[in-house]
Structures are given as structure tokens and as C-alpha cells.
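Undergrad: Quick one, run_10.cif (mmCIF, C-alpha atoms and all ligand atoms):
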data_start
loop_
_atom_site.group_PDB
_atom_site.id
_atom_site.type_symbol
_atom_site.label_atom_id
_atom_site.label_comp_id
_atom_site.auth_asym_id
_atom_site.auth_seq_id
_atom_site.Cartn_x
_atom_site.Cartn_y
_atom_site.Cartn_z
ATOM 1 C CA MET A 50 -8.107 -7.710 13.834
ATOM 2 C CA VAL A 51 -5.287 -9.205 11.823
ATOM 3 C CA TYR A 52 -6.302 -11.309 8.872
ATOM 4 C CA GLY A 53 -4.093 -14.355 8.403
ATOM 5 C CA ARG A 54 -3.867 -17.210 5.973
ATOM 6 C CA PRO A 55 -4.561 -20.225 8.148
ATOM 7 C CA ALA A 56 -2.526 -22.560 5.936
ATOM 8 C CA MET A 57 0.603 -20.455 6.347
ATOM 9 C CA SER A 58 0.282 -19.147 9.869
ATOM 10 C CA PRO A 59 -1.835 -21.387 12.092
ATOM 11 C CA GLU A 60 -0.211 -20.085 15.251
ATOM 12 C CA ARG A 61 -1.447 -16.513 14.896
ATOM 13 C CA SER A 62 -4.124 -15.233 17.212
ATOM 14 C CA PRO A 63 -6.458 -12.463 16.046
ATOM 15 C CA ALA A 64 -5.168 -10.118 18.749
ATOM 16 C CA SER A 65 -1.553 -10.227 17.719
ATOM 17 C CA THR A 66 0.548 -9.872 14.630
ATOM 18 C CA ALA A 67 4.060 -10.634 13.524
ATOM 19 C CA PHE A 68 6.899 -8.176 13.745
ATOM 20 C CA GLY A 69 10.297 -9.482 12.821
ATOM 21 C CA TYR A 70 9.346 -13.015 13.835
ATOM 22 C CA ARG A 71 8.012 -11.956 17.191
ATOM 23 C CA MET A 72 4.397 -11.574 18.041
ATOM 24 C CA VAL A 73 3.340 -8.117 19.114
ATOM 25 C CA ALA A 74 0.101 -6.881 20.577
ATOM 26 C CA GLU A 75 -2.182 -5.162 18.114
ATOM 27 C CA LYS A 76 -1.858 -1.847 19.926
ATOM 28 C CA GLU A 77 1.933 -1.836 19.468
ATOM 29 C CA LYS A 78 1.827 -2.527 15.750
ATOM 30 C CA GLN A 79 1.397 1.020 14.412
ATOM 31 C CA GLY A 80 4.280 2.373 16.513
ATOM 32 C CA LEU A 81 6.573 -0.354 15.207
ATOM 33 C CA VAL A 82 5.450 0.185 11.615
ATOM 34 C CA ASN A 83 6.199 3.898 12.020
ATOM 35 C CA GLU A 84 9.717 3.120 13.278
ATOM 36 C CA VAL A 85 10.359 0.949 10.245
ATOM 37 C CA PHE A 86 9.449 3.655 7.753
ATOM 38 C CA ALA A 87 11.228 6.416 9.678
ATOM 39 C CA LYS A 88 14.395 4.277 9.445
ATOM 40 C CA VAL A 89 14.193 3.431 5.761
ATOM 41 C CA ALA A 90 12.661 6.632 4.298
ATOM 42 C CA TYR A 91 15.830 7.920 2.644
ATOM 43 C CA ARG A 92 16.684 4.542 1.087
ATOM 44 C CA TYR A 93 13.173 3.433 0.322
ATOM 45 C CA ASP A 94 13.454 3.444 -3.495
ATOM 46 C CA GLN A 95 16.822 1.766 -3.557
ATOM 47 C CA MET A 96 15.503 -1.043 -1.351
ATOM 48 C CA ASN A 97 12.413 -1.511 -3.527
ATOM 49 C CA ASP A 98 14.556 -1.826 -6.644
ATOM 50 C CA LEU A 99 16.906 -4.331 -5.051
ATOM 51 C CA MET A 100 14.217 -6.483 -3.506
ATOM 52 C CA SER A 101 11.841 -6.620 -6.459
ATOM 53 C CA GLY A 102 14.505 -6.572 -9.189
ATOM 54 C CA GLY A 103 12.881 -3.362 -10.448
ATOM 55 C CA LEU A 104 9.464 -5.052 -10.817
ATOM 56 C CA HIS A 105 7.800 -2.590 -8.431
ATOM 57 C CA ARG A 106 8.133 0.085 -11.126
ATOM 58 C CA LEU A 107 6.156 -2.022 -13.635
ATOM 59 C CA TRP A 108 3.508 -2.887 -11.043
ATOM 60 C CA LYS A 109 3.101 0.793 -10.184
ATOM 61 C CA ASP A 110 2.878 1.781 -13.868
ATOM 62 C CA ASP A 111 0.132 -0.839 -14.423
ATOM 63 C CA PHE A 112 -1.661 0.345 -11.309
ATOM 64 C CA VAL A 113 -1.780 3.965 -12.470
ATOM 65 C CA THR A 114 -2.810 3.031 -16.032
ATOM 66 C CA LEU A 115 -5.726 1.035 -14.594
ATOM 67 C CA LEU A 116 -6.901 4.031 -12.567
ATOM 68 C CA GLY A 117 -7.939 5.828 -15.779
ATOM 69 C CA VAL A 118 -6.920 9.351 -14.843
ATOM 70 C CA PRO A 119 -8.494 11.998 -17.141
ATOM 71 C CA LYS A 120 -5.937 13.671 -19.389
ATOM 72 C CA ASN A 121 -7.846 16.924 -19.792
ATOM 73 C CA SER A 122 -8.595 19.864 -17.504
ATOM 74 C CA ARG A 123 -11.569 18.116 -15.821
ATOM 75 C CA PRO A 124 -11.101 18.429 -12.042
ATOM 76 C CA PHE A 125 -10.002 15.063 -10.647
ATOM 77 C CA ARG A 126 -9.081 14.827 -6.966
ATOM 78 C CA VAL A 127 -7.084 11.807 -5.916
ATOM 79 C CA LEU A 128 -6.166 10.769 -2.394
ATOM 80 C CA ASP A 129 -3.015 8.645 -2.439
ATOM 81 C CA MET A 130 -3.106 7.116 1.013
ATOM 82 C CA ALA A 131 0.085 5.769 2.638
ATOM 83 C CA GLY A 132 1.708 7.560 -0.280
ATOM 84 C CA GLY A 133 5.200 7.464 1.249
ATOM 85 C CA THR A 134 7.809 9.147 -0.907
ATOM 86 C CA GLY A 135 5.416 9.678 -3.809
ATOM 87 C CA ASP A 136 5.910 6.819 -6.278
ATOM 88 C CA ILE A 137 2.182 6.520 -7.022
ATOM 89 C CA ALA A 138 1.186 10.161 -6.483
ATOM 90 C CA PHE A 139 3.794 11.429 -8.946
ATOM 91 C CA ARG A 140 2.866 8.880 -11.591
ATOM 92 C CA ILE A 141 -0.782 9.984 -11.276
ATOM 93 C CA ALA A 142 0.153 13.672 -11.448
ATOM 94 C CA LYS A 143 2.238 13.052 -14.595
ATOM 95 C CA GLU A 144 -0.449 10.885 -16.230
ATOM 96 C CA GLY A 145 -3.327 13.270 -15.492
ATOM 97 C CA GLY A 146 -4.339 16.524 -17.164
ATOM 98 C CA THR A 147 -4.215 19.973 -15.613
ATOM 99 C CA GLY A 148 -7.322 19.276 -13.528
ATOM 100 C CA THR A 149 -5.693 16.396 -11.650
ATOM 101 C CA ILE A 150 -4.627 17.197 -8.092
ATOM 102 C CA VAL A 151 -3.151 14.482 -5.881
ATOM 103 C CA THR A 152 -3.193 14.611 -2.099
ATOM 104 C CA LEU A 153 -0.468 12.374 -0.708
ATOM 105 C CA ALA A 154 -1.241 11.376 2.877
ATOM 106 C CA ASP A 155 0.934 9.240 5.118
ATOM 107 C CA ILE A 156 1.348 8.614 8.832
ATOM 108 C CA SER A 157 5.144 9.073 8.640
ATOM 109 C CA PRO A 158 6.393 12.688 8.644
ATOM 110 C CA LYS A 159 9.789 11.442 7.392
ATOM 111 C CA MET A 160 8.315 9.680 4.353
ATOM 112 C CA ILE A 161 6.169 12.766 3.634
ATOM 113 C CA SER A 162 9.088 15.195 3.822
ATOM 114 C CA GLU A 163 11.148 12.947 1.532
ATOM 115 C CA GLY A 164 8.150 12.915 -0.849
ATOM 116 C CA ALA A 165 7.759 16.705 -0.764
ATOM 117 C CA LYS A 166 11.466 17.129 -1.646
ATOM 118 C CA ARG A 167 11.053 14.793 -4.600
ATOM 119 C CA ALA A 168 7.936 16.610 -5.847
ATOM 120 C CA GLU A 169 9.962 19.826 -5.874
ATOM 121 C CA THR A 170 12.812 18.196 -7.817
ATOM 122 C CA GLN A 171 10.401 16.702 -10.356
ATOM 123 C CA GLY A 172 8.513 19.978 -10.876
ATOM 124 C CA LEU A 173 5.271 18.494 -9.510
ATOM 125 C CA ARG A 174 4.857 20.569 -6.347
ATOM 126 C CA SER A 175 1.858 22.552 -7.684
ATOM 127 C CA ARG A 176 -0.040 19.336 -8.560
ATOM 128 C CA CYS A 177 0.513 17.629 -5.197
ATOM 129 C CA ARG A 178 -0.590 18.284 -1.611
ATOM 130 C CA PHE A 179 1.052 16.631 1.380
ATOM 131 C CA MET A 180 -0.599 15.687 4.628
ATOM 132 C CA VAL A 181 0.422 13.647 7.668
ATOM 133 C CA ALA A 182 -2.603 11.433 8.394
ATOM 134 C CA ASN A 183 -3.560 8.015 9.698
ATOM 135 C CA GLY A 184 -5.496 5.971 7.134
ATOM 136 C CA GLU A 185 -7.841 4.830 9.907
ATOM 137 C CA ALA A 186 -9.064 8.364 10.745
ATOM 138 C CA LEU A 187 -8.852 10.715 7.791
ATOM 139 C CA PRO A 188 -8.955 14.501 8.256
ATOM 140 C CA PHE A 189 -11.030 15.007 5.067
ATOM 141 C CA PRO A 190 -14.740 15.734 4.644
ATOM 142 C CA ASP A 191 -17.144 13.101 3.299
ATOM 143 C CA LYS A 192 -17.214 12.637 -0.495
ATOM 144 C CA SER A 193 -14.218 14.869 -1.149
ATOM 145 C CA PHE A 194 -12.250 12.714 -3.643
ATOM 146 C CA ASP A 195 -12.839 11.166 -7.083
ATOM 147 C CA ALA A 196 -10.359 8.363 -6.460
ATOM 148 C CA TYR A 197 -8.583 6.787 -3.498
ATOM 149 C CA THR A 198 -5.361 4.870 -4.092
ATOM 150 C CA ILE A 199 -3.243 2.910 -1.658
ATOM 151 C CA ALA A 200 -0.108 1.005 -2.685
ATOM 152 C CA PHE A 201 1.787 -1.281 -0.347
ATOM 153 C CA GLY A 202 0.159 0.574 2.518
ATOM 154 C CA ILE A 203 -3.005 -1.162 3.692
ATOM 155 C CA ARG A 204 -0.978 -4.117 4.967
ATOM 156 C CA ASN A 205 0.623 -1.781 7.494
ATOM 157 C CA VAL A 206 -2.615 -0.389 8.881
ATOM 158 C CA THR A 207 -3.695 -1.991 12.160
ATOM 159 C CA HIS A 208 -7.419 -2.238 11.365
ATOM 160 C CA ILE A 209 -7.915 -2.781 7.648
ATOM 161 C CA GLU A 210 -11.684 -2.478 7.972
ATOM 162 C CA ASN A 211 -11.340 1.042 9.446
ATOM 163 C CA ALA A 212 -9.116 2.128 6.550
ATOM 164 C CA LEU A 213 -11.625 0.734 4.036
ATOM 165 C CA ALA A 214 -14.531 2.467 5.798
ATOM 166 C CA GLU A 215 -12.627 5.760 5.673
ATOM 167 C CA ALA A 216 -11.830 5.248 1.983
ATOM 168 C CA PHE A 217 -15.539 4.749 1.326
ATOM 169 C CA ARG A 218 -16.489 7.827 3.362
ATOM 170 C CA VAL A 219 -14.139 10.253 1.568
ATOM 171 C CA LEU A 220 -15.022 9.063 -1.955
ATOM 172 C CA ARG A 221 -17.830 10.753 -3.860
ATOM 173 C CA ALA A 222 -20.575 8.608 -5.432
ATOM 174 C CA GLY A 223 -18.983 7.139 -8.568
ATOM 175 C CA GLY A 224 -15.504 7.371 -7.013
ATOM 176 C CA LYS A 225 -13.006 4.540 -7.341
ATOM 177 C CA PHE A 226 -11.009 2.714 -4.658
ATOM 178 C CA GLN A 227 -7.868 1.038 -5.943
ATOM 179 C CA CYS A 228 -5.252 -0.868 -3.970
ATOM 180 C CA LEU A 229 -1.895 -2.426 -4.907
ATOM 181 C CA GLU A 230 -0.636 -4.915 -2.364
ATOM 182 C CA PHE A 231 1.422 -8.054 -1.952
ATOM 183 C CA SER A 232 -0.795 -11.067 -2.320
ATOM 184 C CA GLN A 233 -0.718 -14.836 -2.628
ATOM 185 C CA VAL A 234 1.463 -16.518 -5.230
ATOM 186 C CA ASP A 235 -0.744 -19.022 -7.018
ATOM 187 C CA VAL A 236 1.697 -20.716 -9.408
ATOM 188 C CA PRO A 237 2.682 -24.230 -8.212
ATOM 189 C CA GLY A 238 6.436 -24.460 -7.598
ATOM 190 C CA PHE A 239 6.935 -20.697 -7.816
ATOM 191 C CA ASP A 240 5.177 -20.297 -4.450
ATOM 192 C CA ARG A 241 7.931 -22.264 -2.640
ATOM 193 C CA LEU A 242 10.696 -20.460 -4.474
ATOM 194 C CA TYR A 243 9.158 -17.103 -3.624
ATOM 195 C CA GLU A 244 8.674 -18.092 0.021
ATOM 196 C CA ALA A 245 12.342 -19.120 0.288
ATOM 197 C CA TYR A 246 13.491 -15.920 -1.405
ATOM 198 C CA SER A 247 11.391 -13.673 0.792
ATOM 199 C CA MET A 248 12.326 -15.362 4.062
ATOM 200 C CA THR A 249 16.072 -15.264 3.435
ATOM 201 C CA ALA A 250 17.075 -12.799 0.728
ATOM 202 C CA ILE A 251 14.844 -9.853 1.649
ATOM 203 C CA PRO A 252 16.043 -9.461 5.286
ATOM 204 C CA ALA A 253 19.641 -10.065 4.098
ATOM 205 C CA ILE A 254 19.445 -7.313 1.450
ATOM 206 C CA GLY A 255 17.806 -5.032 4.037
ATOM 207 C CA LYS A 256 20.639 -5.629 6.456
ATOM 208 C CA VAL A 257 23.333 -4.898 3.879
ATOM 209 C CA VAL A 258 21.723 -1.688 2.643
ATOM 210 C CA THR A 259 20.293 -0.207 5.846
ATOM 211 C CA GLY A 260 22.368 -2.050 8.463
ATOM 212 C CA ASP A 261 19.273 -3.629 9.995
ATOM 213 C CA GLY A 262 17.426 -6.759 8.840
ATOM 214 C CA ALA A 263 14.607 -6.561 11.417
ATOM 215 C CA PRO A 264 12.401 -4.097 9.492
ATOM 216 C CA TYR A 265 12.559 -6.406 6.516
ATOM 217 C CA ARG A 266 11.656 -9.477 8.509
ATOM 218 C CA TYR A 267 8.600 -7.463 9.509
ATOM 219 C CA LEU A 268 7.929 -6.758 5.837
ATOM 220 C CA VAL A 269 8.007 -10.457 4.980
ATOM 221 C CA GLU A 270 5.811 -11.433 7.921
ATOM 222 C CA SER A 271 3.268 -8.740 7.102
ATOM 223 C CA ILE A 272 3.045 -10.097 3.555
ATOM 224 C CA ARG A 273 2.487 -13.652 4.803
ATOM 225 C CA THR A 274 -0.314 -12.596 7.128
ATOM 226 C CA PHE A 275 -2.179 -10.380 4.656
ATOM 227 C CA PRO A 276 -5.445 -11.766 3.184
ATOM 228 C CA ASN A 277 -5.202 -13.483 -0.187
ATOM 229 C CA GLN A 278 -6.886 -12.107 -3.341
ATOM 230 C CA GLU A 279 -10.362 -13.514 -2.646
ATOM 231 C CA GLN A 280 -10.334 -12.726 1.082
ATOM 232 C CA PHE A 281 -9.304 -9.127 0.447
ATOM 233 C CA ALA A 282 -11.937 -8.706 -2.277
ATOM 234 C CA ARG A 283 -14.543 -9.825 0.297
ATOM 235 C CA LEU A 284 -13.331 -7.214 2.795
ATOM 236 C CA ILE A 285 -13.651 -4.498 0.154
ATOM 237 C CA ALA A 286 -17.204 -5.603 -0.627
ATOM 238 C CA GLU A 287 -18.024 -5.690 3.103
ATOM 239 C CA ALA A 288 -16.924 -2.035 3.244
ATOM 240 C CA ARG A 289 -19.863 -1.330 0.866
ATOM 241 C CA PHE A 290 -17.870 -0.976 -2.358
ATOM 242 C CA GLU A 291 -19.513 -2.350 -5.485
ATOM 243 C CA ARG A 292 -18.241 -3.952 -8.730
ATOM 244 C CA VAL A 293 -15.269 -5.221 -6.721
ATOM 245 C CA GLY A 294 -12.565 -6.961 -8.712
ATOM 246 C CA TYR A 295 -8.888 -7.787 -8.769
ATOM 247 C CA ARG A 296 -6.025 -8.689 -11.055
ATOM 248 C CA SER A 297 -2.967 -10.686 -9.961
ATOM 249 C CA LEU A 298 0.422 -9.580 -11.317
ATOM 250 C CA SER A 299 3.668 -11.583 -11.541
ATOM 251 C CA GLY A 300 2.033 -14.878 -10.570
ATOM 252 C CA GLY A 301 0.253 -13.318 -7.597
ATOM 253 C CA ILE A 302 3.267 -11.709 -5.908
ATOM 254 C CA VAL A 303 1.089 -8.618 -5.953
ATOM 255 C CA ALA A 304 -2.542 -7.894 -6.826
ATOM 256 C CA ILE A 305 -4.481 -4.819 -7.807
ATOM 257 C CA HIS A 306 -7.925 -4.661 -6.174
ATOM 258 C CA TRP A 307 -10.650 -2.143 -6.948
ATOM 259 C CA GLY A 308 -14.185 -1.204 -6.041
ATOM 260 C CA TRP A 309 -16.577 1.675 -6.658
ATOM 261 C CA ARG A 310 -18.677 3.786 -4.373
ATOM 262 C CA ILE A 311 -21.987 3.785 -6.209
HETATM 263 C C1 LIG B 401 5.676 0.389 1.781
HETATM 264 S S1 LIG B 401 5.348 2.098 1.982
HETATM 265 C C2 LIG B 401 4.466 2.464 0.490
HETATM 266 C C3 LIG B 401 4.720 3.831 -0.034
HETATM 267 C C4 LIG B 401 4.146 4.130 -1.429
HETATM 268 N N1 LIG B 401 2.697 3.971 -1.453
HETATM 269 C C5 LIG B 401 4.776 3.266 -2.488
HETATM 270 O O1 LIG B 401 4.086 2.419 -3.057
HETATM 271 O O2 LIG B 401 5.963 3.440 -2.756
HETATM 272 C C6 LIG B 401 4.087 2.038 3.202
HETATM 273 C C7 LIG B 401 3.692 3.391 3.742
HETATM 274 O O3 LIG B 401 2.565 3.216 4.600
HETATM 275 C C8 LIG B 401 2.633 4.206 5.600
HETATM 276 N N2 LIG B 401 1.697 3.851 6.692
HETATM 277 C C9 LIG B 401 1.799 2.834 7.572
HETATM 278 N N3 LIG B 401 0.743 2.817 8.405
HETATM 279 C C10 LIG B 401 -0.056 3.851 8.028
HETATM 280 C C11 LIG B 401 -1.296 4.349 8.511
HETATM 281 N N4 LIG B 401 -1.953 3.792 9.533
HETATM 282 N N5 LIG B 401 -1.830 5.431 7.910
HETATM 283 C C12 LIG B 401 -1.183 6.023 6.876
HETATM 284 N N6 LIG B 401 -0.001 5.596 6.366
HETATM 285 C C13 LIG B 401 0.559 4.517 6.941
HETATM 286 C C14 LIG B 401 4.101 4.196 5.972
HETATM 287 O O4 LIG B 401 4.492 5.335 6.685
HETATM 288 C C15 LIG B 401 4.772 4.080 4.603
HETATM 289 O O5 LIG B 401 5.073 5.321 4.044
#
Show me the file's structure as C-alpha cells.
TA:
Amino acid sequence: MVYGRPAMSPERSPASTAFGYRMVAEKEKQGLVNEVFAKVAYRYDQMNDLMSGGLHRLWKDDFVTLLGVPKNSRPFRVLDMAGGTGDIAFRIAKEGGTGTIVTLADISPKMISEGAKRAETQGLRSRCRFMVANGEALPFPDKSFDAYTIAFGIRNVTHIENALAEAFRVLRAGGKFQCLEFSQVDVPGFDRLYEAYSMTAIPAIGKVVTGDGAPYRYLVESIRTFPNQEQFARLIAEARFERVGYRSLSGGIVAIHWGWRI
């Protein structure tokens, strides 16, 4: 199922989703998503900086501060799902004490190998584990993590409800789910400006930097079809998480959502 915002995308059927302005069958989506990230892995950070004007760094810092990682030697196992090249995992490893171990899992071997190289360079290799895995079917036992994070990843998963169910399964009782994702701009006037920017500037920047605008048109479309703050909070609650909440950042360009396995 693809969750859309009816006001913005009335033409979308539940069995299809947008990919670079064309509709693709649900079963094709993951393969196309994988192609996108295989193509952009080595320029991923540069693109994020250009497209967000550096804001993604502040959002990620806020996200990790909110997680409340222990700074002492208490064992704290974090699964950073769709961890890509390590932006969140490395922040957590740096923030946490000696007991903090982060497992970075991602479906893209290219993103993972780029991440592993960076961990080495930053001296974080011993605090991080790397694993190729699909967020919809995790290769981890039940209740094996204290926290599950996912940043700019759940939008790419074909069945969000499967990813949430897996997050719930691998968290221990008392464990925290936390997600950073593009959301719905809720400031009158700014919403139109942001829409215009994302539809034109983002694919154009993508084309200049990587030589191909199509992956970035996909990015924009996937943002437009993702549930808004309230809708996503409901999905998290439906996945059995409790004390679900969210905070919008930068006028709702992104939101941090959380929930606890009690
Ligand atoms: C936009 S990147 C985010 C990377 C990182 N979390 C960050 O914030 O910089 C999205 C990541 O989701 C991964 N991804 C897409 N579908 C996935 C799936 N079904 N399971 C696991 N990872 C997936 C992609 O390979 C890519 O690395």
C-alpha cells in the first residue's frame, strides 16, 4: 500500500506509486529505489548539502539529541535502519558512551560499503556493525535492540506497515522507535514556495551533480506521497507503539516521529 495525501495527489491508486513522474507497480518500486541509491551513493552527502542548504545536518543533530543515548558504559544497542552512508549511525556512536553499539542496516550494498569506508576514516569501526538487510524482513532476533532509528528511509520502503512491524519486533520492551522523514509543510505561503522549489530545483541540482535528474524527481514524488505528520503518527500507533508523538522541524519540511514498545 502506498499512502498518499489526497489533496496533493488525487490520481494515485493504492497499487501504484510515483517514480520520476511515472506510475510504477508496487512490486517494481524497491528495485527502482535500489537503482537510485546505487547511482548516488558516492555523492550522497554532497547532494544532501546542496539540496537542503546544509539543513539536513541540523535536522540529524536534533534527531540524535532527542534519542537520548546514554553517555556511560551501559550497553545500548541501536539499529539504524536504512542507515545509508552512516550520517545517523556515526552521530549516535559519537554521542554515546563506550556501551553504545550501532548496527547500520541498509538494502543497498553500495551505500553500506561507502558507510563502512567512512566509519574506518572516522575511527568508529569498532562501534559500528554493517549489514545488508531489507527493512521489511529483518535478520535479527526478537527484542534485540534498545533503539531503532530510521532517517529518510521509511519513505523508500514498499510496505511501511511491514517495516514498522519489524521495528516493533526487534525492539525490547522499553525500547524506542524514532524516525526522521520529510513531511508536510504547514506554514501558509511557505508551502507553495517549497513545492515550487522541490519540483524544479531539486531535479535540476541532481542533474548537474550526478548527470541524471530522474532519481531526484523520484525523491520529490516520494516526499509528496508520504503520509503527513498526523497520518504517520497513526500508522506508528497501529503498529502497537505507545506514547507516540512527533515534532515538525523547519516549518514541517521534515518531522521527527517516535513511539515506545512498552
Ligand atoms: C535517503 S537515504 C538515507 C540514508 C541515511 N539514513 C541518512 O539519513 O543519510 C535512504 C536509504 O534507504 C535505503 N533503503 C531503501 N529501501 C530500503 C529497504 N526496503 N530496506 C532497507 N533500506 C532501504 C537506501 O538504500 C538508502 O540508503
Undergrad: For ligand LIG 401 (chain B), which residue out of A:Gly103, A:Pro190, A:Pro119, A:Gly133 is the nearest one, using only C-alpha atoms and all ligand atoms?
TA: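 Smallest separation from ligand LIG 401 (chain B) among the options: A:Gly133.
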Undergrad: Apply the PyMOL selection byres (((not hetatm)) within 8 of (chain B and resi 401)) to the file shown and report the selected residues as a short mmCIF file (atom, residue, chain, number, x, y, z; two decimals) with C-alpha atoms, in the frame of the given file.
TA:
data_model
loop_
_atom_site.label_atom_id
_atom_site.label_comp_id
_atom_site.auth_asym_id
_atom_site.auth_seq_id
_atom_site.Cartn_x
_atom_site.Cartn_y
_atom_site.Cartn_z
CA GLN A 79 1.40 1.02 14.41
CA VAL A 82 5.45 0.18 11.62
CA ASN A 83 6.20 3.90 12.02
CA PHE A 86 9.45 3.66 7.75
CA ALA A 87 11.23 6.42 9.68
CA ALA A 90 12.66 6.63 4.30
CA TYR A 93 13.17 3.43 0.32
CA ASP A 94 13.45 3.44 -3.50
CA LYS A 109 3.10 0.79 -10.18
CA ASP A 129 -3.02 8.64 -2.44
CA MET A 130 -3.11 7.12 1.01
CA ALA A 131 0.08 5.77 2.64
CA GLY A 132 1.71 7.56 -0.28
CA GLY A 133 5.20 7.46 1.25
CA THR A 134 7.81 9.15 -0.91
CA GLY A 135 5.42 9.68 -3.81
CA ASP A 136 5.91 6.82 -6.28
CA ILE A 137 2.18 6.52 -7.02
CA ALA A 154 -1.24 11.38 2.88
CA ASP A 155 0.93 9.24 5.12
CA ILE A 156 1.35 8.61 8.83
CA SER A 157 5.14 9.07 8.64
CA PRO A 158 6.39 12.69 8.64
CA MET A 160 8.32 9.68 4.35
CA ILE A 161 6.17 12.77 3.63
CA VAL A 181 0.42 13.65 7.67
CA ALA A 182 -2.60 11.43 8.39
CA ASN A 183 -3.56 8.02 9.70
CA GLY A 184 -5.50 5.97 7.13
CA GLU A 185 -7.84 4.83 9.91
CA ILE A 199 -3.24 2.91 -1.66
CA ALA A 200 -0.11 1.00 -2.68
CA PHE A 201 1.79 -1.28 -0.35
CA GLY A 202 0.16 0.57 2.52
CA ILE A 203 -3.00 -1.16 3.69
CA ARG A 204 -0.98 -4.12 4.97
CA ASN A 205 0.62 -1.78 7.49
CA VAL A 206 -2.62 -0.39 8.88
CA THR A 207 -3.70 -1.99 12.16
CA ALA A 212 -9.12 2.13 6.55
CA LEU A 229 -1.90 -2.43 -4.91
#
Undergrad: Near Asp110 of chain A, counting only C-alpha atoms, which residues have an atom at most 10 Å away, once you skip same-chain residues fewer than 4 positions from it, shown as a list of chain:residue names?
TA: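 The filter keeps A:Leu104, A:His105, A:Arg106, A:Thr114, A:Leu115, A:Asp136, A:Ile137, A:Arg140, A:Ile141, A:Glu144.
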Undergrad: Counting all atoms listed in the file, what is within 7 Å of Arg221 of chain A, bar same-chain residues fewer than 6 positions away, as a short mmCIF file (atom, residue, chain, number, x, y, z; two decimals) with C-alpha atoms, in the frame of the given file?
TA:
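Written file, out07.cif:
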data_model
loop_
_atom_site.label_atom_id
_atom_site.label_comp_id
_atom_site.auth_asym_id
_atom_site.auth_seq_id
_atom_site.Cartn_x
_atom_site.Cartn_y
_atom_site.Cartn_z
CA LYS A 192 -17.21 12.64 -0.50
CA SER A 193 -14.22 14.87 -1.15
CA PHE A 194 -12.25 12.71 -3.64
CA ASP A 195 -12.84 11.17 -7.08
#
Undergrad: Do you have the atom CA of Gly223 of chain A-atom CA of Pro124 of chain A distance handy?
TA: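 Here the two named atoms are 14.2 Å from each other.
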Undergrad: Take atom CA of Gly145 of chain A and atom CA of Asn121 of chain A and report the distance between them in Å, one decimal.
TA: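 Atom CA of Gly145 of chain A sits 7.2 Å away from atom CA of Asn121 of chain A.
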Undergrad: Between atom CA of Ala222 of chain A and atom CA of Ala286 of chain A, measure the distance and give it in Å to one decimal.
TA: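 So the answer is 15.4 Å.
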Undergrad: Here is a test: counting only C-alpha atoms, which residue of A:Leu284, A:Tyr91, A:Arg178, A:Phe139 is nearest to His208 of chain A?
TA: A:Leu284
Undergrad: Can you list, as a ChimeraX atom specification, the residues that the PyMOL selection byres (((chain A and resi 228) around 7) and not hetatm) selects here?
TA: /A:198-200,226-227,229-230,305-307
Undergrad: Neighbours of Met100 of chain A within 8 Å (all atoms listed in the file; same-chain residues fewer than 4 positions away dropped), as a tab-separated table (two decimals) with C-alpha atoms, in the frame of the given file?
TA:
chain	number	residue	atom	x	y	z
A	96	MET	CA	15.50	-1.04	-1.35
A	251	ILE	CA	14.84	-9.85	1.65
A	254	ILE	CA	19.44	-7.31	1.45
Undergrad: Go through A:Asp240, A:Val258, A:Arg310, A:Gln233 one by one, measure the shortest atom-to-atom distance of each to Gln278 of chain A using all atoms listed in the file, and give the residue with the smallest value.
TA: A:Gln233
Undergrad: Pull out every residue that the PyMOL selection byres (((chain A and resi 235) around 9) and not hetatm) matches in the shown coordinates and put them as a PyMOL selection string.
TA: chain A and resi 233-234+236-237+239-240+300-302
Undergrad: When distances are computed from all atoms listed in the file, which of A:Asp111, A:Glu244, A:Asp98, A:Glu163 shows the smallest separation from Ile272 of chain A?
TA: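 Closest to Ile272 of chain A, using all atoms listed in the file: A:Glu244.
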Undergrad: Can you tell me, as number ranges by chain, what residues are no more than 6 Å from Gly148 of chain A when counting all atoms listed in the file, ignoring any on the same chain fewer than 2 positions away?
TA: A: 122-125, 146
Undergrad: Taking into account only C-alpha atoms, which residue in the set A:Ser299, A:Asn211, A:Thr170, A:Gln280 is nearest to Tyr243 of chain A?
TA: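 Nearest to Tyr243 of chain A: A:Ser299.
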Undergrad: Show me, as lines of an AutoDock Vina configuration file, the centre and edge lengths in Å to one decimal of the axis-aligned box that covers every listed atom of segment 110-118 of chain A with 5 Å on each side.
TA:
center_x = -2.5
center_y = 4.3
center_z = -13.7
size_x = 20.8
size_y = 20.2
size_z = 14.7
Undergrad: Of the candidates A:Thr147, A:Gln95, A:Ser175, A:Ser232, which shows the shortest atom-to-atom distance to Thr274 of chain A, using only C-alpha atoms?
TA: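 Closest to Thr274 of chain A of all the choices is A:Ser232.
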Undergrad: Excluding Gly172 of chain A and residues on its chain fewer than 6 positions from it, collect all residues at most 12 Å away from it, counting all atoms listed in the file, and give them as number ranges by chain.
TA: A: 139, 142-143, 165-166
